[in-house]
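model_31.tsv (TSV, C-alpha atoms)
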```
chain	number	residue	atom	x	y	z
A	500	MET	CA	16.21	-12.89	-89.82
A	501	SER	CA	18.24	-10.00	-91.25
A	502	LYS	CA	21.17	-8.57	-89.27
A	503	PRO	CA	19.44	-5.19	-88.68
A	504	LYS	CA	16.45	-6.96	-87.12
A	505	VAL	CA	18.68	-9.18	-84.97
A	506	LEU	CA	20.60	-6.12	-83.79
A	507	ALA	CA	17.40	-4.24	-82.96
A	508	THR	CA	15.99	-7.22	-81.07
A	509	THR	CA	19.24	-7.59	-79.11
A	510	ILE	CA	19.28	-3.92	-78.16
A	511	VAL	CA	15.64	-4.00	-77.01
A	512	SER	CA	16.26	-7.16	-74.97
A	513	ALA	CA	19.31	-5.60	-73.36
A	514	LEU	CA	17.36	-2.46	-72.43
A	515	ILE	CA	14.54	-4.53	-70.93
A	516	SER	CA	17.08	-6.56	-68.94
A	517	LEU	CA	18.78	-3.39	-67.67
A	518	PHE	CA	15.39	-1.95	-66.68
A	519	PHE	CA	14.52	-5.15	-64.79
A	520	VAL	CA	17.87	-5.13	-62.98
A	521	PHE	CA	17.36	-1.44	-62.11
A	522	CYS	CA	13.86	-2.12	-60.69
A	523	LEU	CA	15.08	-5.13	-58.72
A	524	GLY	CA	17.95	-3.12	-57.29
A	525	TRP	CA	15.62	-0.28	-56.34
A	526	ALA	CA	13.24	-2.67	-54.61
A	527	MET	CA	16.07	-4.29	-52.67
A	528	MET	CA	17.41	-0.90	-51.60
A	529	ASP	CA	13.93	0.10	-50.52
A	530	HIS	CA	13.52	-3.05	-48.43
A	531	TYR	CA	17.00	-3.51	-46.99
A	532	GLY	CA	18.60	-0.13	-47.36
A	533	LYS	CA	16.44	1.85	-44.87
A	534	GLY	CA	18.35	3.72	-42.18
A	535	THR	CA	18.25	2.39	-38.65
A	536	SER	CA	16.34	5.48	-37.57
A	537	ASP	CA	13.39	4.39	-39.73
A	538	MET	CA	13.38	0.98	-38.07
A	539	GLU	CA	13.52	2.49	-34.57
A	540	VAL	CA	10.48	4.63	-35.20
A	541	ILE	CA	8.22	1.63	-35.69
A	542	GLU	CA	9.88	-0.61	-33.10
A	543	GLU	CA	7.74	-1.11	-29.99
A	544	THR	CA	9.32	-0.17	-26.68
A	545	PRO	CA	8.43	-2.13	-23.50
A	546	ILE	CA	5.78	-0.50	-21.33
A	547	LYS	CA	7.29	0.43	-17.99
A	548	SER	CA	5.35	-0.16	-14.81
A	549	ASP	CA	5.73	2.22	-11.89
A	550	LEU	CA	5.32	-0.60	-9.41
A	551	PRO	CA	8.22	-3.07	-9.11
A	552	ALA	CA	7.30	-6.73	-9.50
A	553	ASP	CA	8.48	-7.49	-5.98
A	554	PHE	CA	6.78	-4.56	-4.22
A	555	THR	CA	5.60	-5.94	-0.88
A	556	VAL	CA	3.08	-4.71	1.67
A	557	LEU	CA	3.25	-6.21	5.16
A	558	ALA	CA	0.30	-5.73	7.54
A	559	LEU	CA	0.73	-6.16	11.29
A	560	GLY	CA	-1.56	-5.66	14.25
A	561	ASP	CA	-5.01	-6.53	15.52
A	562	SER	CA	-8.48	-7.28	14.16
A	563	LEU	CA	-8.56	-4.06	12.11
A	564	THR	CA	-5.59	-5.39	10.18
A	565	ARG	CA	-7.52	-8.64	9.66
A	566	GLY	CA	-10.55	-6.70	8.38
A	567	THR	CA	-13.00	-7.94	11.01
A	568	GLY	CA	-16.42	-6.43	10.33
A	569	ASP	CA	-16.05	-6.28	6.55
A	570	GLU	CA	-18.23	-8.99	5.03
A	571	THR	CA	-16.00	-9.06	1.94
A	572	GLY	CA	-12.98	-9.91	4.10
A	573	LYS	CA	-10.86	-7.20	2.49
A	574	GLY	CA	-10.69	-4.68	5.28
A	575	TYR	CA	-8.66	-1.54	4.80
A	576	VAL	CA	-5.52	-3.57	3.92
A	577	GLY	CA	-7.22	-5.28	0.99
A	578	LEU	CA	-8.72	-2.01	-0.21
A	579	VAL	CA	-5.33	-0.27	-0.07
A	580	VAL	CA	-3.78	-3.06	-2.14
A	581	GLU	CA	-6.60	-2.73	-4.69
A	582	GLU	CA	-5.91	1.00	-4.92
A	583	LEU	CA	-2.20	0.38	-5.50
A	584	LYS	CA	-3.05	-2.16	-8.20
A	585	SER	CA	-5.34	0.35	-9.90
A	586	GLN	CA	-2.82	3.18	-9.67
A	587	TYR	CA	0.31	1.31	-10.70
A	588	LYS	CA	-1.22	-1.36	-12.99
A	589	ARG	CA	0.35	-4.22	-11.06
A	590	LYS	CA	-0.72	-6.13	-7.98
A	591	PRO	CA	1.72	-5.90	-5.07
A	592	ILE	CA	2.54	-8.83	-2.82
A	593	ILE	CA	0.59	-8.68	0.45
A	594	HIS	CA	1.32	-10.49	3.70
A	595	ASN	CA	-1.35	-9.96	6.36
A	596	LEU	CA	-0.11	-11.09	9.77
A	597	GLY	CA	-2.81	-9.38	11.83
A	598	ILE	CA	-4.20	-11.27	14.84
A	599	ASN	CA	-7.66	-10.71	16.28
A	600	GLY	CA	-7.51	-9.32	19.79
A	601	GLN	CA	-3.78	-8.61	19.68
A	602	VAL	CA	-2.36	-6.05	22.11
A	603	SER	CA	0.91	-4.17	21.86
A	604	LYS	CA	2.95	-6.47	24.13
A	605	GLU	CA	1.97	-9.39	21.88
A	606	LEU	CA	3.02	-7.47	18.78
A	607	VAL	CA	6.37	-6.82	20.47
A	608	GLN	CA	6.88	-10.59	20.61
A	609	GLN	CA	5.55	-11.18	17.10
A	610	VAL	CA	8.04	-8.86	15.39
A	611	LYS	CA	10.89	-10.78	17.07
A	612	GLN	CA	9.91	-14.08	15.46
A	613	PRO	CA	12.37	-15.23	12.73
A	614	GLU	CA	9.73	-15.69	10.03
A	615	VAL	CA	8.12	-12.34	10.80
A	616	LYS	CA	11.55	-10.67	10.71
A	617	ARG	CA	12.05	-12.17	7.27
A	618	GLN	CA	8.73	-10.69	6.15
A	619	ILE	CA	9.72	-7.31	7.60
A	620	GLN	CA	13.04	-7.39	5.77
A	621	ALA	CA	11.28	-7.95	2.44
A	622	ALA	CA	8.63	-5.26	2.95
A	623	ASP	CA	8.46	-1.92	1.16
A	624	VAL	CA	5.51	-0.64	3.21
A	625	ILE	CA	4.38	-1.84	6.64
A	626	LEU	CA	0.80	-1.13	7.76
A	627	VAL	CA	0.07	-1.32	11.49
A	628	THR	CA	-3.07	-1.11	13.61
A	629	ILE	CA	-2.45	-1.59	17.31
A	630	GLY	CA	-3.57	-0.01	20.59
A	631	GLY	CA	-7.34	-0.33	20.44
A	632	ASN	CA	-7.33	-3.43	22.60
A	633	ASP	CA	-4.79	-1.88	24.99
A	634	LEU	CA	-7.06	1.10	25.56
A	635	PHE	CA	-10.63	-0.18	25.31
A	636	GLN	CA	-10.07	-3.63	26.86
A	637	LYS	CA	-13.26	-5.02	25.33
A	638	GLY	CA	-15.27	-2.02	26.52
A	639	GLN	CA	-14.11	-2.07	30.14
A	640	THR	CA	-12.52	1.34	29.79
A	641	LEU	CA	-15.96	2.83	29.19
A	642	LEU	CA	-17.80	0.76	31.80
A	643	GLU	CA	-15.20	1.09	34.55
A	644	TYR	CA	-13.51	4.40	33.89
A	645	ASP	CA	-10.28	4.63	35.86
A	646	HIS	CA	-7.95	7.49	34.96
A	647	GLU	CA	-4.97	5.94	36.73
A	648	ALA	CA	-5.46	2.56	35.06
A	649	ILE	CA	-5.71	4.22	31.65
A	650	SER	CA	-2.51	6.19	32.32
A	651	VAL	CA	-0.68	2.97	33.16
A	652	SER	CA	-2.04	1.28	30.01
A	653	GLN	CA	-0.95	4.23	27.91
A	654	LYS	CA	2.55	4.29	29.37
A	655	ASN	CA	2.98	0.55	28.74
A	656	PHE	CA	1.62	0.91	25.22
A	657	LEU	CA	4.00	3.74	24.32
A	658	GLY	CA	6.96	1.74	25.63
A	659	ASN	CA	5.87	-1.26	23.57
A	660	LEU	CA	5.42	0.93	20.52
A	661	HIS	CA	8.98	2.20	20.79
A	662	GLU	CA	10.24	-1.36	21.00
A	663	ILE	CA	8.16	-2.40	17.98
A	664	PHE	CA	9.53	0.42	15.84
A	665	LYS	CA	13.10	-0.19	16.95
A	666	ASP	CA	12.88	-3.90	16.19
A	667	ILE	CA	11.38	-3.22	12.76
A	668	ASN	CA	14.10	-0.72	11.92
A	669	LYS	CA	16.86	-3.09	13.03
A	670	VAL	CA	15.70	-5.44	10.28
A	671	ASN	CA	14.53	-2.90	7.69
A	672	ASP	CA	14.97	0.84	8.17
A	673	SER	CA	13.99	1.76	4.61
A	674	ALA	CA	10.42	0.48	4.66
A	675	THR	CA	7.74	3.10	5.26
A	676	ILE	CA	5.69	2.33	8.38
A	677	LEU	CA	2.12	3.61	8.49
A	678	LEU	CA	0.62	3.42	11.99
A	679	LEU	CA	-3.12	4.06	12.19
A	680	GLY	CA	-4.49	6.11	15.06
A	681	LEU	CA	-7.61	5.13	17.00
A	682	TYR	CA	-11.19	6.17	16.36
A	683	ASN	CA	-13.83	6.24	19.11
A	684	PRO	CA	-16.55	3.61	18.59
A	685	PHE	CA	-18.31	4.70	21.81
A	686	ILE	CA	-19.11	8.32	20.95
A	687	ASP	CA	-22.88	7.81	20.92
A	688	LEU	CA	-22.80	5.81	24.16
A	689	ASP	CA	-20.78	8.35	26.12
A	690	LYS	CA	-22.95	11.35	27.02
A	691	ASP	CA	-20.10	13.17	28.73
A	692	LEU	CA	-17.74	12.44	25.83
A	693	ASP	CA	-14.99	11.38	28.23
A	694	THR	CA	-13.95	8.71	25.75
A	695	ASN	CA	-13.36	11.39	23.10
A	696	ARG	CA	-10.82	13.06	25.36
A	697	ILE	CA	-9.22	9.74	26.25
A	698	VAL	CA	-8.86	8.69	22.62
A	699	ARG	CA	-7.50	12.10	21.59
A	700	ASP	CA	-4.91	12.03	24.37
A	701	TRP	CA	-3.95	8.48	23.41
A	702	ASN	CA	-3.58	9.46	19.75
A	703	ASN	CA	-1.52	12.56	20.56
A	704	ALA	CA	0.91	10.55	22.67
A	705	THR	CA	1.09	7.88	19.95
A	706	ALA	CA	1.83	10.48	17.27
A	707	GLU	CA	4.70	11.83	19.37
A	708	VAL	CA	6.29	8.37	19.48
A	709	VAL	CA	5.88	7.94	15.72
A	710	ALA	CA	7.55	11.33	15.16
A	711	HIS	CA	10.80	9.92	16.56
A	712	TYR	CA	11.19	7.66	13.51
A	713	GLU	CA	11.98	9.16	10.10
A	714	ASN	CA	10.43	6.28	8.16
A	715	ALA	CA	7.14	6.27	10.13
A	716	ILE	CA	3.86	8.11	9.55
A	717	PHE	CA	0.96	8.50	11.97
A	718	VAL	CA	-2.37	8.21	10.14
A	719	PRO	CA	-5.32	9.73	12.06
A	720	THR	CA	-8.73	8.06	11.82
A	721	PHE	CA	-10.60	9.73	14.70
A	722	ASP	CA	-12.23	12.39	12.53
A	723	LEU	CA	-13.43	9.86	9.95
A	724	PHE	CA	-15.90	8.30	12.40
A	725	GLN	CA	-16.63	11.24	14.68
A	726	LEU	CA	-19.81	12.66	13.15
A	727	SER	CA	-21.51	9.48	11.91
A	728	VAL	CA	-19.93	6.68	13.88
A	729	ASN	CA	-22.89	4.28	13.65
A	730	GLU	CA	-22.94	4.55	9.87
A	731	TYR	CA	-19.43	3.16	9.67
A	732	LEU	CA	-19.49	0.47	12.38
A	733	TYR	CA	-20.18	-3.24	12.08
A	734	SER	CA	-23.04	-4.83	14.03
A	735	ASP	CA	-20.73	-5.37	17.02
A	736	ASN	CA	-20.54	-1.56	17.38
A	737	PHE	CA	-16.78	-1.72	17.61
A	738	HIS	CA	-15.16	-2.73	14.33
A	739	PRO	CA	-15.61	-0.76	11.10
A	740	ASN	CA	-17.97	-2.08	8.47
A	741	LYS	CA	-17.19	-2.09	4.76
A	742	LYS	CA	-17.87	1.64	4.47
A	743	GLY	CA	-15.73	2.37	7.51
A	744	TYR	CA	-12.80	0.43	6.11
A	745	ARG	CA	-13.21	2.31	2.83
A	746	LEU	CA	-12.81	5.60	4.70
A	747	ILE	CA	-9.60	4.34	6.27
A	748	ALA	CA	-8.23	2.94	2.99
A	749	ASP	CA	-8.92	6.20	1.16
A	750	ARG	CA	-6.77	7.99	3.73
A	751	VAL	CA	-3.95	5.45	3.78
A	752	ALA	CA	-3.50	4.70	0.07
A	753	PRO	CA	-2.49	8.25	-1.04
A	754	LEU	CA	0.29	8.22	1.57
A	755	ILE	CA	2.08	5.41	-0.28
A	756	LYS	CA	4.09	7.43	-2.77
A	757	TRP	CA	6.42	6.60	-5.65
A	758	GLU	CA	9.34	7.00	-3.23
A	759	ASP	CA	8.01	3.97	-1.35
A	760	VAL	CA	7.48	1.71	-4.34
A	761	GLU	CA	10.85	2.68	-5.85
A	762	ARG	CA	12.84	1.08	-3.05
```
Transcribe the structure of this file into structure tokens.
Amino acid sequence: MSKPKVLATTIVSALISLFFVFCLGWAMMDHYGKGTSDMEVIEETPIKSDLPADFTVLALGDSLTRGTGDETGKGYVGLVVEELKSQYKRKPIIHNLGINGQVSKELVQQVKQPEVKRQIQAADVILVTIGGNDLFQKGQTLLEYDHEAISVSQKNFLGNLHEIFKDINKVNDSATILLLGLYNPFIDLDKDLDTNRIVRDWNNATAEVVAHYENAIFVPTFDLFQLSVNEYLYSDNFHPNKKGYRLIADRVAPLIKWEDVER
């Protein structure tokens, strides 16, 4: 091969090699030389949940806390927890310590128990239903109406309620306490509506006690059952049925705000 041809071939080969090196360098810069801002744009950020993983609901009280009368077994406590799960995309921890037939003096003793105090300490929200058995006494209040006896029962109940709140706050004064008021299951059986007045007076006195505690809320339920009580009662004509518990849950759940779950 003549020298001119060799020279031309060498030059062409060199140009091709330079072009290849240039392309390779460009590709490497394109792959590795992107700014960090480009990488951050496509990087996925963790999805934050409004509800802390250890958010805890503690339920105390009587058969309404247990959900007696709801064939699903959820009661208002279970329905409230479902609503929180739906709203905050995470299921809270629930401890239901309700006892069928419990009265306020028994709840006073329950909140003093070491294991229950531990549950109170861990709670973010405490749901309480108590007082129905103190007042109605399995229907005896309606059958044997005695104003003086009711006054004594109310006074004892209010004293017990103060003690319950104080004992809870000694262990955990940051948890929100939601105390449910009473409804009147005997409206349709009481022609003179004396029980309406009794229940209203009882609720008013209860609300005044609750008002003494900054972390407590009184949740009325009287009006929920007033106009169609039989529609929302179980077959025993005392406890709520599934629809009745839904009414209660729909009132309670919105009261549990972000401030509660943030603690």
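Candidate residues A:Ile649, A:Val607, A:Leu578, A:Leu563 were compared for distance to A:Arg696, and the nearest is A:Ile649, using all atoms listed in the file.
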Practice problem: Find the residues around A:Thr628 up to 10 Å (all atoms listed in the file counted), leave out those fewer than 5 positions away in its own chain, and share them as a list in words. | Solution: Ala558, Leu559, Gly560, Asp561, Ser562, Leu563, Thr564, Arg565, Gly597, Gln601, Val602, Ser603, Leu677, Leu678, Leu679, Gly680, Leu681 and Val718 of chain A
Quiz item: Skipping near chain neighbours, those fewer than 4 positions away, what residues fall within 12 Å of A:Arg699 using only C-alpha atoms, listed as a ChimeraX atom specification?
Solution: /A:634,680-683,692-695,703-706,719-722,725
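When only C-alpha atoms are used to measure the gap to A:Thr571, the shortest distance among A:Asn659, A:Gln653, A:Asn740, A:Asn599 belongs to A:Asn740.
Separating atom CA of A:Asp553 from atom CA of A:Val624 is a distance of 11.8 Å.
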Please return stretch 679-697 of chain A, rebuilt to N, CA, C and O atoms, as a PDB file, in the frame of the given file.
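Result written to selection-v9.pdb:
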```pdb
ATOM      1  N   LEU A 679      -1.804   3.434  12.139  1.00  0.00           N
ATOM      2  CA  LEU A 679      -3.120   4.060  12.190  1.00  0.00           C
ATOM      3  C   LEU A 679      -3.480   4.461  13.615  1.00  0.00           C
ATOM      4  O   LEU A 679      -3.304   3.672  14.550  1.00  0.00           O
ATOM      5  N   GLY A 680      -3.983   5.680  13.774  1.00  0.00           N
ATOM      6  CA  GLY A 680      -4.490   6.110  15.060  1.00  0.00           C
ATOM      7  C   GLY A 680      -5.834   5.471  15.361  1.00  0.00           C
ATOM      8  O   GLY A 680      -6.416   4.769  14.519  1.00  0.00           O
ATOM      9  N   LEU A 681      -6.342   5.722  16.573  1.00  0.00           N
ATOM     10  CA  LEU A 681      -7.610   5.130  17.000  1.00  0.00           C
ATOM     11  C   LEU A 681      -8.783   6.050  16.697  1.00  0.00           C
ATOM     12  O   LEU A 681      -8.658   7.270  16.723  1.00  0.00           O
ATOM     13  N   TYR A 682      -9.921   5.443  16.402  1.00  0.00           N
ATOM     14  CA  TYR A 682     -11.190   6.170  16.360  1.00  0.00           C
ATOM     15  C   TYR A 682     -11.945   5.813  17.640  1.00  0.00           C
ATOM     16  O   TYR A 682     -11.538   4.922  18.391  1.00  0.00           O
ATOM     17  N   ASN A 683     -13.053   6.511  17.900  1.00  0.00           N
ATOM     18  CA  ASN A 683     -13.830   6.240  19.110  1.00  0.00           C
ATOM     19  C   ASN A 683     -15.165   5.596  18.740  1.00  0.00           C
ATOM     20  O   ASN A 683     -16.081   6.269  18.271  1.00  0.00           O
ATOM     21  N   PRO A 684     -15.290   4.283  18.948  1.00  0.00           N
ATOM     22  CA  PRO A 684     -16.550   3.610  18.590  1.00  0.00           C
ATOM     23  C   PRO A 684     -17.665   3.870  19.597  1.00  0.00           C
ATOM     24  O   PRO A 684     -18.807   3.474  19.361  1.00  0.00           O
ATOM     25  N   PHE A 685     -17.341   4.526  20.732  1.00  0.00           N
ATOM     26  CA  PHE A 685     -18.310   4.700  21.810  1.00  0.00           C
ATOM     27  C   PHE A 685     -18.858   6.129  21.918  1.00  0.00           C
ATOM     28  O   PHE A 685     -19.433   6.485  22.947  1.00  0.00           O
ATOM     29  N   ILE A 686     -18.686   6.916  20.882  1.00  0.00           N
ATOM     30  CA  ILE A 686     -19.110   8.320  20.950  1.00  0.00           C
ATOM     31  C   ILE A 686     -20.583   8.437  21.336  1.00  0.00           C
ATOM     32  O   ILE A 686     -20.956   9.203  22.231  1.00  0.00           O
ATOM     33  N   ASP A 687     -21.448   7.685  20.678  1.00  0.00           N
ATOM     34  CA  ASP A 687     -22.880   7.810  20.920  1.00  0.00           C
ATOM     35  C   ASP A 687     -23.314   7.222  22.262  1.00  0.00           C
ATOM     36  O   ASP A 687     -24.429   7.481  22.723  1.00  0.00           O
ATOM     37  N   LEU A 688     -22.460   6.424  22.885  1.00  0.00           N
ATOM     38  CA  LEU A 688     -22.800   5.810  24.160  1.00  0.00           C
ATOM     39  C   LEU A 688     -22.281   6.621  25.356  1.00  0.00           C
ATOM     40  O   LEU A 688     -22.655   6.355  26.499  1.00  0.00           O
ATOM     41  N   ASP A 689     -21.451   7.588  25.068  1.00  0.00           N
ATOM     42  CA  ASP A 689     -20.780   8.350  26.120  1.00  0.00           C
ATOM     43  C   ASP A 689     -21.330   9.778  26.135  1.00  0.00           C
ATOM     44  O   ASP A 689     -20.871  10.636  25.388  1.00  0.00           O
ATOM     45  N   LYS A 690     -22.304  10.031  26.986  1.00  0.00           N
ATOM     46  CA  LYS A 690     -22.950  11.350  27.020  1.00  0.00           C
ATOM     47  C   LYS A 690     -21.989  12.462  27.419  1.00  0.00           C
ATOM     48  O   LYS A 690     -22.091  13.596  26.945  1.00  0.00           O
ATOM     49  N   ASP A 691     -21.059  12.148  28.273  1.00  0.00           N
ATOM     50  CA  ASP A 691     -20.100  13.170  28.730  1.00  0.00           C
ATOM     51  C   ASP A 691     -18.899  13.291  27.809  1.00  0.00           C
ATOM     52  O   ASP A 691     -18.051  14.172  28.014  1.00  0.00           O
ATOM     53  N   LEU A 692     -18.821  12.417  26.819  1.00  0.00           N
ATOM     54  CA  LEU A 692     -17.740  12.440  25.830  1.00  0.00           C
ATOM     55  C   LEU A 692     -16.351  12.307  26.469  1.00  0.00           C
ATOM     56  O   LEU A 692     -15.357  12.814  25.944  1.00  0.00           O
ATOM     57  N   ASP A 693     -16.292  11.636  27.613  1.00  0.00           N
ATOM     58  CA  ASP A 693     -14.990  11.380  28.230  1.00  0.00           C
ATOM     59  C   ASP A 693     -14.103  10.527  27.320  1.00  0.00           C
ATOM     60  O   ASP A 693     -12.882  10.700  27.278  1.00  0.00           O
ATOM     61  N   THR A 694     -14.744   9.589  26.615  1.00  0.00           N
ATOM     62  CA  THR A 694     -13.950   8.710  25.750  1.00  0.00           C
ATOM     63  C   THR A 694     -13.312   9.494  24.602  1.00  0.00           C
ATOM     64  O   THR A 694     -12.229   9.129  24.135  1.00  0.00           O
ATOM     65  N   ASN A 695     -13.971  10.550  24.140  1.00  0.00           N
ATOM     66  CA  ASN A 695     -13.360  11.390  23.100  1.00  0.00           C
ATOM     67  C   ASN A 695     -12.024  11.953  23.589  1.00  0.00           C
ATOM     68  O   ASN A 695     -11.018  11.937  22.876  1.00  0.00           O
ATOM     69  N   ARG A 696     -12.043  12.483  24.799  1.00  0.00           N
ATOM     70  CA  ARG A 696     -10.820  13.060  25.360  1.00  0.00           C
ATOM     71  C   ARG A 696      -9.753  12.003  25.546  1.00  0.00           C
ATOM     72  O   ARG A 696      -8.570  12.226  25.265  1.00  0.00           O
ATOM     73  N   ILE A 697     -10.171  10.829  26.030  1.00  0.00           N
ATOM     74  CA  ILE A 697      -9.220   9.740  26.250  1.00  0.00           C
ATOM     75  C   ILE A 697      -8.569   9.311  24.942  1.00  0.00           C
ATOM     76  O   ILE A 697      -7.337   9.149  24.858  1.00  0.00           O
TER      77      ILE A 697
END
```
